[in-house]
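Notes follow once the structure below has been shown.
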Amino acid sequence: MENRFNLYSAIMEKLDYTFSDLPNFNEIEMKNLIIKDINLDNLISVKSKYSNIEFNCISLYSSYFVQTSFEECIFLNVDFTKSNLNNTSFTSCSFISCSFAGSEIMGAKIITCIFKNCNFTNITFSDNIINDTQFEITDKSFSAISDNIEKNVVWLFD
């Protein structure tokens with residue numbers, strides 16, 4: 001528990017953690033936070049819940065968010081490059097100017113979300129359930145976007 005407390009403190013103080021110092025965020029719940037200007041590369045979070053959190057200018061390079069839920073979260077300039085977001089749910093979330101380059105999102109539930117000016121270069125994005133969501137993608141080069149179950153979904157590509 002102390003490692004988690006130290007990470008919460010670091011988030012509030014805008015400090016960076018190295019990979020070896022970063023605790024796992026497994027089976028935790030976080031809500032009502034603003035997390036800004038921090039490097040959280042290689043973060044591991046399994047079976048966790050994030051509610052009403054604003055992620056602003058965050059690096060989550062090569063992070064692992066599996067079986068995790070995000071509800072009413074805002075992601076602004078977040079780097080998910082090479083991250084694993086399989087079996088994760090996003091409900092009423094906004095993604096603005098985020099990079100998902102080289103990421104894998106499979107088996108996710110994406111409900112009532114907005115993706116604006118996001119990079120989907122070389123992403124694997126399949127077998128997801130997507131409802132009432134709009135994607136404004138700046139780049140999807142070499143991506144595998146297929147086999148999703150979609151209802152009321154809009155795709156716009158630059």
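Please note that chains go A, B, ... in the order of the structure tokens, that every chain numbers its residues from 1, and that ligands are numbered from 1 in the order shown.
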Practice problem: Compile the contact shell of Asn117 in chain A as a VMD selection string: residues with an atom at most 6 Å away, counting only C-alpha atoms, same-chain residues fewer than 5 positions apart removed. | Solution: chain A and resid 97 136 to 138
Keeping N, CA and C atoms for every residue in the selection just given, could you write it to a file as a tab-separated table (two decimals), in the first residue's frame?
```
chain	number	residue	atom	x	y	z
A	97	SER	N	-6.10	14.52	-28.98
A	97	SER	CA	-4.68	14.56	-29.37
A	97	SER	C	-3.87	13.47	-28.66
A	136	GLU	N	-12.13	10.69	-34.74
A	136	GLU	CA	-11.49	11.60	-35.69
A	136	GLU	C	-10.01	11.26	-35.64
A	137	ILE	N	-9.57	10.49	-36.62
A	137	ILE	CA	-8.24	9.91	-36.62
A	137	ILE	C	-7.34	10.68	-37.57
A	138	THR	N	-6.17	11.10	-37.08
A	138	THR	CA	-5.23	11.83	-37.93
A	138	THR	C	-4.37	10.89	-38.77
```
Quiz item: Got a sec: who's within 10 Å of Thr124 in chain A, counting only C-alpha atoms, leaving out chain neighbours fewer than 6 positions off, as a PyMOL selection string?
Solution: chain A and resi 84+100-106+142-146
Quiz prompt | Contact residues around Cys113 in chain A with only C-alpha atoms at 8 Å, ignoring same-chain residues under 3 positions, as number ranges by chain | solution = A: 90-95, 110, 132-134
Practice problem: Using backbone DSSP assignments, extract all strand (DSSP E) residues from chain A; output them as a ChimeraX atom specification. | Solution: /A:29-39,44-46,49-59,64-66,69-71,74-76,89-91,94-96,104-106,109-111,114-119,124-126,129-139,144-146,149-157
Quiz item: Quick one: residues within 7 Å of Ser99 in chain A, only C-alpha atoms counted, chain neighbours fewer than 4 positions away excluded, as a list in words?
Solution: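 The neighbour list is Val78, Asp79, Phe80, Thr81, Cys118, Asn119 and Phe120 of chain A.
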Dump of C-alpha atoms for the selected residues, as a CSV table (one decimal), in the first residue's frame:
```
chain,number,residue,atom,x,y,z
A,78,VAL,CA,-1.8,11.2,-23.6
A,79,ASP,CA,0.8,8.9,-25.2
A,80,PHE,CA,-0.4,5.3,-25.2
A,81,THR,CA,2.2,4.3,-27.8
A,118,CYS,CA,-5.8,10.8,-32.3
A,119,ASN,CA,-3.0,8.8,-34.0
A,120,PHE,CA,-3.9,5.2,-34.7
```
Exercise. For range 27-30 of chain A, work out the shell of residues within 7 Å, counting only C-alpha atoms and skipping chain neighbours fewer than 5 positions away, then give it as a PyMOL selection string.
Key: chain A and resi 46-51
Quiz item: If you count only C-alpha atoms, which residues fall within 8 Å of range 54-63 of chain A, apart from same-chain ones fewer than 6 positions away, as a count of residues only?
Solution: 24
Quiz item: In terms of the shortest atom-to-atom distance over only C-alpha atoms, which of A:Leu156, A:Ile123, A:Ala108, A:Val66 is closest to Lys140 in chain A?
Solution: A:Ile123
Exercise. Could you find all residues in range 4-138 of chain A that DSSP calls helix (DSSP H, G or I) from the backbone, and write them as a VMD selection string?
Key: chain A and resid 4 to 13 19 to 21
Saved selection, atoms kept: C-alpha atoms, as an mmCIF file, in the first residue's frame:
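Saved as again.cif:
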```
data_model
loop_
_atom_site.group_PDB
_atom_site.id
_atom_site.type_symbol
_atom_site.label_atom_id
_atom_site.label_comp_id
_atom_site.auth_asym_id
_atom_site.auth_seq_id
_atom_site.Cartn_x
_atom_site.Cartn_y
_atom_site.Cartn_z
ATOM 1 C CA ARG A 4 0.666 3.248 -4.123
ATOM 2 C CA PHE A 5 0.591 6.124 -1.656
ATOM 3 C CA ASN A 6 4.018 7.251 -2.838
ATOM 4 C CA LEU A 7 2.844 7.162 -6.454
ATOM 5 C CA TYR A 8 -0.255 9.192 -5.596
ATOM 6 C CA SER A 9 2.020 11.714 -3.895
ATOM 7 C CA ALA A 10 4.326 11.782 -6.902
ATOM 8 C CA ILE A 11 1.384 12.385 -9.216
ATOM 9 C CA MET A 12 0.284 15.304 -7.080
ATOM 10 C CA GLU A 13 3.846 16.666 -6.990
ATOM 11 C CA PHE A 19 10.253 1.618 -14.331
ATOM 12 C CA SER A 20 11.839 -0.167 -11.350
ATOM 13 C CA ASP A 21 10.143 2.192 -8.866
#
```
Quiz item: Smallest atom-to-atom distance to Val154 in chain A: which of A:Lys109, A:Ser45, A:Ile130, A:Asn26, using only C-alpha atoms?
Solution: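 Counting only C-alpha atoms, the residue closest to Val154 in chain A is A:Ile130.
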Practice problem: Identify which of the residues A:Lys31, A:Glu150, A:Asn131, A:Thr68 lies closest to Asn52 in chain A, counting only C-alpha atoms when measuring atom-to-atom distances. | Solution: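 Of A:Lys31, A:Glu150, A:Asn131, A:Thr68, the one nearest Asn52 in chain A, counting only C-alpha atoms, is A:Lys31.
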Quiz item: Taking only C-alpha atoms into account, which of A:Gln67, A:Asn122, A:Glu72, A:Phe157 comes nearest Ser141 in chain A?
Solution: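 Answer, going by the shortest atom-to-atom distance: A:Asn122.
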Exercise. Measuring atom to atom with only C-alpha atoms, identify which of A:Phe135, A:Phe115, A:Trp155, A:Tyr64 is nearest to Cys98 in chain A.
Key: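 Among A:Phe135, A:Phe115, A:Trp155, A:Tyr64, it is A:Phe115 that comes nearest to Cys98 in chain A.
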